>>> print(open('target-v3.tsv').read())   # TSV, C-alpha atoms
chain	number	residue	atom	x	y	z
A	23	MET	CA	-0.62	-6.98	-32.39
A	24	LYS	CA	2.78	-5.54	-31.48
A	25	THR	CA	4.87	-7.48	-28.94
A	26	GLU	CA	5.10	-4.49	-26.64
A	27	THR	CA	1.34	-3.96	-26.70
A	28	ARG	CA	0.83	-7.65	-25.89
A	29	ALA	CA	3.29	-7.31	-23.00
A	30	TRP	CA	1.33	-4.35	-21.59
A	31	ALA	CA	-1.87	-6.39	-21.81
A	32	GLN	CA	-0.16	-9.26	-19.96
A	33	LEU	CA	1.10	-6.85	-17.32
A	34	GLN	CA	-2.47	-5.65	-16.80
A	35	ARG	CA	-3.83	-9.21	-16.55
A	36	HIS	CA	-1.08	-10.30	-14.17
A	37	ALA	CA	-1.65	-7.28	-11.92
A	38	SER	CA	-5.43	-7.81	-11.88
A	39	ALA	CA	-4.91	-11.42	-10.84
A	40	GLN	CA	-3.07	-10.26	-7.70
A	41	LEU	CA	-6.24	-8.77	-6.21
A	42	ARG	CA	-7.94	-11.33	-4.03
A	43	PRO	CA	-11.72	-11.79	-4.27
A	44	GLY	CA	-13.66	-9.34	-2.11
A	45	PHE	CA	-11.09	-6.58	-2.60
A	46	ALA	CA	-13.67	-3.78	-2.94
A	47	ASP	CA	-15.57	-4.86	0.20
A	48	ARG	CA	-12.35	-4.99	2.21
A	49	VAL	CA	-11.35	-1.52	1.05
A	50	VAL	CA	-14.72	0.04	1.90
A	51	ARG	CA	-14.66	-1.61	5.34
A	52	ALA	CA	-11.06	-0.48	6.00
A	53	ALA	CA	-11.83	3.08	4.86
A	54	ARG	CA	-14.87	3.32	7.13
A	55	ALA	CA	-13.12	1.73	10.13
A	56	GLY	CA	-10.17	4.07	9.68
A	57	ALA	CA	-12.44	7.11	9.35
A	58	GLU	CA	-14.09	6.28	12.69
A	59	ALA	CA	-10.70	5.91	14.36
A	60	VAL	CA	-9.45	9.25	13.04
A	61	PRO	CA	-9.81	11.98	15.73
A	62	SER	CA	-12.00	14.98	14.92
A	63	LEU	CA	-10.50	18.32	13.96
A	64	LEU	CA	-11.89	19.86	17.18
A	65	SER	CA	-10.17	17.29	19.37
A	66	ILE	CA	-6.87	17.75	17.49
A	67	PHE	CA	-7.19	21.53	17.94
A	68	THR	CA	-8.05	21.20	21.64
A	69	LEU	CA	-5.08	18.92	22.27
A	70	SER	CA	-2.74	21.28	20.38
A	71	ALA	CA	-4.04	24.31	22.32
A	72	ALA	CA	-3.64	22.51	25.68
A	73	THR	CA	-0.09	21.45	24.76
A	74	ALA	CA	0.79	25.01	23.68
A	75	ALA	CA	-0.68	26.45	26.92
A	76	LEU	CA	1.32	24.00	29.04
A	77	CYS	CA	4.53	24.81	27.19
A	78	LEU	CA	3.88	28.56	27.58
A	79	LEU	CA	3.21	28.10	31.30
A	80	ALA	CA	6.42	26.09	31.75
A	81	VAL	CA	8.48	28.69	29.88
A	82	THR	CA	6.91	31.56	31.91
A	83	LEU	CA	7.54	29.79	35.24
A	84	PHE	CA	11.11	28.98	34.32
A	85	ASN	CA	11.72	32.51	33.12
A	86	THR	CA	10.21	34.06	36.29
A	87	SER	CA	12.20	31.80	38.63
A	88	SER	CA	15.46	32.38	36.79
A	89	ARG	CA	14.83	36.16	36.74
A	90	ASP	CA	14.08	36.11	40.50
A	91	THR	CA	17.32	34.25	41.19
A	92	GLY	CA	19.23	36.72	39.04
A	93	GLU	CA	17.66	39.69	40.83
A	94	SER	CA	18.45	38.20	44.29
A	95	ASP	CA	22.08	37.64	43.33
A	96	PHE	CA	22.28	41.20	42.06
A	97	ASN	CA	20.73	42.63	45.28
A	98	LEU	CA	22.97	40.49	47.50
A	99	ALA	CA	26.04	41.66	45.65
A	100	GLY	CA	24.84	45.26	46.12
A	101	TRP	CA	24.36	44.82	49.87
A	102	GLN	CA	27.74	43.10	50.22
A	103	GLN	CA	29.32	46.06	48.46
A	104	ILE	CA	27.53	48.50	50.84
A	105	ALA	CA	28.62	46.43	53.87
A	106	ALA	CA	32.20	46.35	52.67
A	107	ASP	CA	32.16	50.09	52.03
A	108	SER	CA	30.70	50.74	55.54
A	109	GLU	CA	33.36	48.57	57.17
A	110	GLU	CA	36.09	50.34	55.23
A	111	PHE	CA	34.59	53.69	56.25
A	112	ALA	CA	34.43	52.63	59.95
A	113	VAL	CA	38.05	51.46	59.88
A	114	ASN	CA	39.19	54.73	58.36
A	115	LEU	CA	37.39	56.69	61.08
B	9	MET	CA	-3.64	-1.87	-20.51
B	10	GLU	CA	-5.63	0.43	-22.77
B	11	SER	CA	-8.74	1.75	-21.10
B	12	SER	CA	-11.83	0.22	-22.59
B	13	GLN	CA	-14.28	0.79	-19.78
B	14	PRO	CA	-16.62	3.76	-19.96
B	15	THR	CA	-16.29	6.55	-17.42
B	16	PRO	CA	-18.66	5.94	-14.49
B	17	PRO	CA	-21.74	8.12	-14.48
B	18	VAL	CA	-21.45	11.39	-12.60
B	19	GLU	CA	-24.42	10.28	-10.50
B	20	LEU	CA	-22.37	7.36	-9.13
B	21	ILE	CA	-19.53	9.70	-8.20
B	22	LEU	CA	-21.96	12.11	-6.52
B	23	ARG	CA	-23.42	9.23	-4.50
B	24	ALA	CA	-19.91	8.16	-3.47
B	25	GLN	CA	-19.24	11.77	-2.45
B	26	ARG	CA	-22.30	11.65	-0.22
B	27	GLY	CA	-20.69	8.68	1.54
B	28	GLU	CA	-22.88	5.86	0.18
B	29	PRO	CA	-20.86	2.63	0.66
B	30	ASP	CA	-22.55	0.90	-2.30
B	31	ALA	CA	-21.49	3.67	-4.66
B	32	GLN	CA	-17.95	3.65	-3.26
B	33	ARG	CA	-17.82	-0.11	-3.71
B	34	GLU	CA	-19.07	0.17	-7.32
B	35	LEU	CA	-16.41	2.76	-8.09
B	36	ILE	CA	-13.70	0.48	-6.67
B	37	LEU	CA	-15.02	-2.46	-8.69
B	38	ALA	CA	-14.99	-0.31	-11.83
B	39	TYR	CA	-11.38	0.75	-11.39
B	40	GLN	CA	-9.63	-1.93	-9.33
B	41	HIS	CA	-8.11	-3.81	-12.28
B	42	ARG	CA	-6.92	-0.69	-14.07
B	43	VAL	CA	-5.41	0.71	-10.88
B	44	ALA	CA	-3.71	-2.64	-10.19
B	45	GLY	CA	-2.09	-2.59	-13.64
B	46	PHE	CA	-1.07	1.02	-13.17
B	47	VAL	CA	0.51	0.23	-9.78
B	48	TYR	CA	2.38	-2.77	-11.16
B	49	ALA	CA	3.82	-0.73	-14.03
B	50	ILE	CA	5.28	1.76	-11.56
B	51	ILE	CA	6.21	-0.44	-8.58
B	52	GLY	CA	7.26	-3.55	-10.50
B	53	ARG	CA	6.51	-5.98	-7.68
B	54	SER	CA	3.53	-8.32	-7.67
B	55	ASP	CA	3.50	-8.72	-3.88
B	56	SER	CA	2.91	-5.00	-3.31
B	57	ILE	CA	0.06	-4.53	-5.80
B	58	GLU	CA	-2.85	-5.31	-3.49
B	59	ASP	CA	-1.50	-3.31	-0.54
B	60	ILE	CA	-0.83	-0.21	-2.62
B	61	ALA	CA	-4.09	-0.50	-4.54
B	62	GLN	CA	-5.90	-0.75	-1.19
B	63	LEU	CA	-4.13	2.37	0.06
B	64	ILE	CA	-5.09	4.26	-3.10
B	65	PHE	CA	-8.77	3.34	-2.82
B	66	ILE	CA	-8.88	4.13	0.90
B	67	LYS	CA	-7.50	7.58	0.08
B	68	MET	CA	-10.10	7.85	-2.70
B	69	VAL	CA	-12.99	7.01	-0.35
B	70	ARG	CA	-11.78	9.48	2.28
B	71	ALA	CA	-11.06	12.35	-0.11
B	72	ILE	CA	-13.77	11.98	-2.75
B	73	ASP	CA	-16.03	14.51	-1.03
B	74	ARG	CA	-13.37	17.15	-1.73
B	75	LEU	CA	-13.38	16.43	-5.49
B	76	GLN	CA	-14.98	19.55	-6.97
B	77	ALA	CA	-15.42	18.38	-10.58
B	78	PRO	CA	-16.89	14.86	-10.67
B	79	ALA	CA	-16.35	14.80	-14.44
B	80	GLN	CA	-12.60	14.79	-13.78
B	81	PHE	CA	-12.81	11.80	-11.47
B	82	GLU	CA	-10.50	9.59	-13.56
B	83	SER	CA	-7.73	12.19	-13.82
B	84	TRP	CA	-8.04	12.77	-10.07
B	85	LEU	CA	-7.95	9.05	-9.25
B	86	PHE	CA	-4.90	8.37	-11.39
B	87	ARG	CA	-3.11	11.40	-9.94
B	88	LEU	CA	-3.83	9.95	-6.49
B	89	ALA	CA	-2.55	6.54	-7.66
B	90	ARG	CA	0.60	8.00	-9.22
B	91	ASN	CA	1.43	10.06	-6.13
B	92	THR	CA	0.82	7.09	-3.81
B	93	CYS	CA	3.14	4.85	-5.86
B	94	ILE	CA	5.88	7.48	-6.04
B	95	ASP	CA	5.56	8.16	-2.28
B	96	HIS	CA	5.85	4.41	-1.65
B	97	LEU	CA	9.07	4.20	-3.68
B	98	ARG	CA	10.43	7.34	-1.98
B	99	ARG	CA	9.67	5.91	1.47
B	100	GLN	CA	11.43	2.67	0.53
B	101	LYS	CA	14.48	4.64	-0.57
B	102	LEU	CA	14.44	6.69	2.65
B	103	ARG	CA	14.07	3.56	4.78
B	104	ARG	CA	17.23	2.13	3.26
B	105	ILE	CA	19.16	5.09	4.67
B	106	PHE	CA	18.14	4.21	8.23
B	107	LEU	CA	17.99	0.42	8.06
B	108	PRO	CA	21.04	-1.75	7.52
B	109	PHE	CA	19.54	-3.46	4.48
B	110	ALA	CA	20.99	-3.13	1.04
B	111	PRO	CA	18.42	-2.57	-1.73
B	112	GLU	CA	19.07	-6.09	-3.02
B	113	HIS	CA	18.08	-7.53	0.37
B	114	GLU	CA	14.70	-5.95	0.69
B	115	ASN	CA	13.77	-5.51	-2.94
B	116	VAL	CA	14.53	-8.91	-4.35
B	117	PRO	CA	13.49	-8.84	-8.00
B	118	GLU	CA	10.97	-11.38	-9.12
B	119	PRO	CA	12.82	-14.12	-10.97
B	120	SER	CA	12.40	-14.24	-14.73
B	121	GLY	CA	9.51	-16.37	-15.78
B	122	ALA	CA	7.92	-16.26	-12.33
B	123	VAL	CA	5.28	-13.74	-13.30
B	124	GLY	CA	4.32	-14.70	-16.79
B	125	SER	CA	5.68	-14.81	-20.27
B	126	GLU	CA	9.03	-13.71	-21.65
B	127	GLU	CA	7.28	-10.71	-23.19
B	128	LEU	CA	6.09	-9.54	-19.79
B	129	ASP	CA	9.54	-10.15	-18.30
B	130	ALA	CA	11.12	-8.07	-21.04
B	131	LEU	CA	8.70	-5.22	-20.41
B	132	ARG	CA	9.21	-5.40	-16.64
B	133	HIS	CA	12.97	-5.32	-17.12
B	134	ALA	CA	12.72	-2.30	-19.43
B	135	LEU	CA	10.39	-0.46	-17.03
B	136	GLU	CA	12.79	-1.09	-14.13
B	137	GLN	CA	15.43	0.90	-15.97
B	138	LEU	CA	13.23	4.03	-16.13
B	139	ARG	CA	12.60	6.65	-13.46
B	140	PRO	CA	9.33	6.08	-11.53
B	141	GLN	CA	7.94	9.34	-12.96
B	142	ASP	CA	8.56	8.09	-16.50
B	143	ARG	CA	6.99	4.72	-15.69
B	144	ALA	CA	3.94	6.56	-14.40
B	145	LEU	CA	3.79	8.61	-17.59
B	146	LEU	CA	3.90	5.51	-19.80
B	147	ALA	CA	1.33	3.79	-17.60
B	148	LEU	CA	-0.99	6.78	-17.97
B	149	VAL	CA	-0.67	6.56	-21.76
B	150	GLN	CA	-1.41	2.83	-21.60
B	151	GLU	CA	-4.45	3.75	-19.53
B	152	GLY	CA	-5.69	5.59	-22.60
B	153	ARG	CA	-5.23	9.08	-21.16
B	154	SER	CA	-4.80	11.86	-23.70
B	155	HIS	CA	-1.88	14.30	-23.51
B	156	ALA	CA	-4.23	16.98	-22.21
B	157	GLU	CA	-5.57	14.67	-19.50
B	158	ILE	CA	-2.03	13.66	-18.49
B	159	ALA	CA	-1.10	17.33	-18.30
B	160	VAL	CA	-4.05	17.87	-15.90
B	161	THR	CA	-3.08	14.78	-13.90
B	162	LEU	CA	0.54	15.86	-13.58
B	163	ARG	CA	-0.29	19.58	-13.30
B	164	SER	CA	1.99	20.26	-16.23
B	165	SER	CA	1.68	21.65	-19.75
B	166	VAL	CA	0.78	19.56	-22.80
B	167	ALA	CA	4.10	20.48	-24.47
B	168	ALA	CA	6.07	19.33	-21.40
B	169	VAL	CA	4.10	16.08	-21.29
B	170	LYS	CA	4.82	15.41	-24.98
B	171	ALA	CA	8.54	16.05	-24.51
B	172	ARG	CA	8.78	13.85	-21.41
B	173	LEU	CA	6.74	11.12	-23.06
B	174	HIS	CA	9.00	11.15	-26.09
B	175	ARG	CA	12.07	10.72	-23.88
B	176	ALA	CA	10.42	8.00	-21.79
B	177	ARG	CA	9.44	6.05	-24.90
B	178	GLU	CA	12.97	6.34	-26.25
B	179	HIS	CA	14.36	4.96	-22.98
B	180	LEU	CA	11.84	2.14	-22.93
B	181	ARG	CA	12.74	1.22	-26.49
B	182	GLU	CA	16.43	1.22	-25.61
B	183	HIS	CA	15.89	-1.30	-22.83
B	184	TYR	CA	13.01	-3.33	-24.24
B	185	GLN	CA	14.23	-6.40	-26.00
B	186	SER	CA	11.43	-8.40	-27.44
B	187	PRO	CA	11.96	-12.15	-26.85
B	188	HIS	CA	11.20	-12.73	-30.53
B	189	GLU	CA	14.07	-10.48	-31.55
B	190	ASN	CA	16.61	-12.63	-29.66
>>> encode(input="target-v3.tsv", output="structure tokens")
Amino acid sequence: MKTETRAWAQLQRHASAQLRPGFADRVVRAARAGAEAVPSLLSIFTLSAATAALCLLAVTLFNTSSRDTGESDFNLAGWQQIAADSEEFAVNL
Amino acid sequence: MESSQPTPPVELILRAQRGEPDAQRELILAYQHRVAGFVYAIIGRSDSIEDIAQLIFIKMVRAIDRLQAPAQFESWLFRLARNTCIDHLRRQKLRRIFLPFAPEHENVPEPSGAVGSEELDALRHALEQLRPQDRALLALVQEGRSHAEIAVTLRSSVAAVKARLHRAREHLREHYQSPHEN
């Protein structure tokens, strides 16, 4: 038997010895417990949709309020310009 | 590490796919030692074998219902094992970027003689010098997988597997110093 082949066999034996008794039972239990704790696809989808809707609502609200403020500033500036023009016109009269 | 156990009957795999715990347990019992050896060849640390083997079998139990060809169970399982080991090593490498630990602090090599004979130490030392992908390749050969099966496992061509295997064996030979030669 070649030395290297013997070493591979020892590696296999050493590795096997690291598994404690009852390994398979522990794995099956852990896999089943984990599977129960994993949320369903529907609940993941619902949560994602709700988060997306909230984000969209927040963006829309922010956009509307910032557009309103912009429009008000623009209108105010327009009226100030008209008032200034009227005053200038009255003075000239 | 050569595979000597027969492939489990397709019926057992089908039962495991249906979610029968007894069948899943039998499958784990049939493969646990081979997977442990495979993990050790790639990871190189005794204290991680059980944790990683457990992770591999948990993934197996959860994903087995998606296996379409039960006859290819072994190739599928060892692909799962290989990917899990390589992910583990990648995560360790990534963690070192963010944590102030040098590799020598968190990956203290097992002292010589602590895990077995000089022959095993020599093999472990030689394997440590190879890339994880090459270790996985050699471990698959030791598992008794044919070139065609390895090509399926690695989603590669037979010619590419042969070339990579040749290089990996050359590297292993370069670093492997048999205790009897010294």
>>> atom_distance(input="target-v3.tsv", atom1="atom CA of Gly152 of chain B", atom2="atom CA of Gly44 of chain A")
26.6 Å
>>> interface_residues(input="target-v3.tsv", of="chain A", to="chain B", cutoff="6 Å", atoms="only C-alpha atoms", output="ChimeraX atom specification")
/A:29-31,34,37-38,41,46,49,53
>>> atom_distance(input="target-v3.tsv", atom1="atom CA of Ala159 of chain B", atom2="atom CA of Gln137 of chain B")
23.4 Å
>>> atom_distance(input="target-v3.tsv", atom1="atom CA of Asn91 of chain B", atom2="atom CA of Lys24 of chain A")
29.8 Å
>>> closest_residue(input="target-v3.tsv", among="B:Ala77, B:Leu180, B:Ala89, B:Leu145", to="Ser164 of chain B", atoms="only C-alpha atoms")
B:Leu145
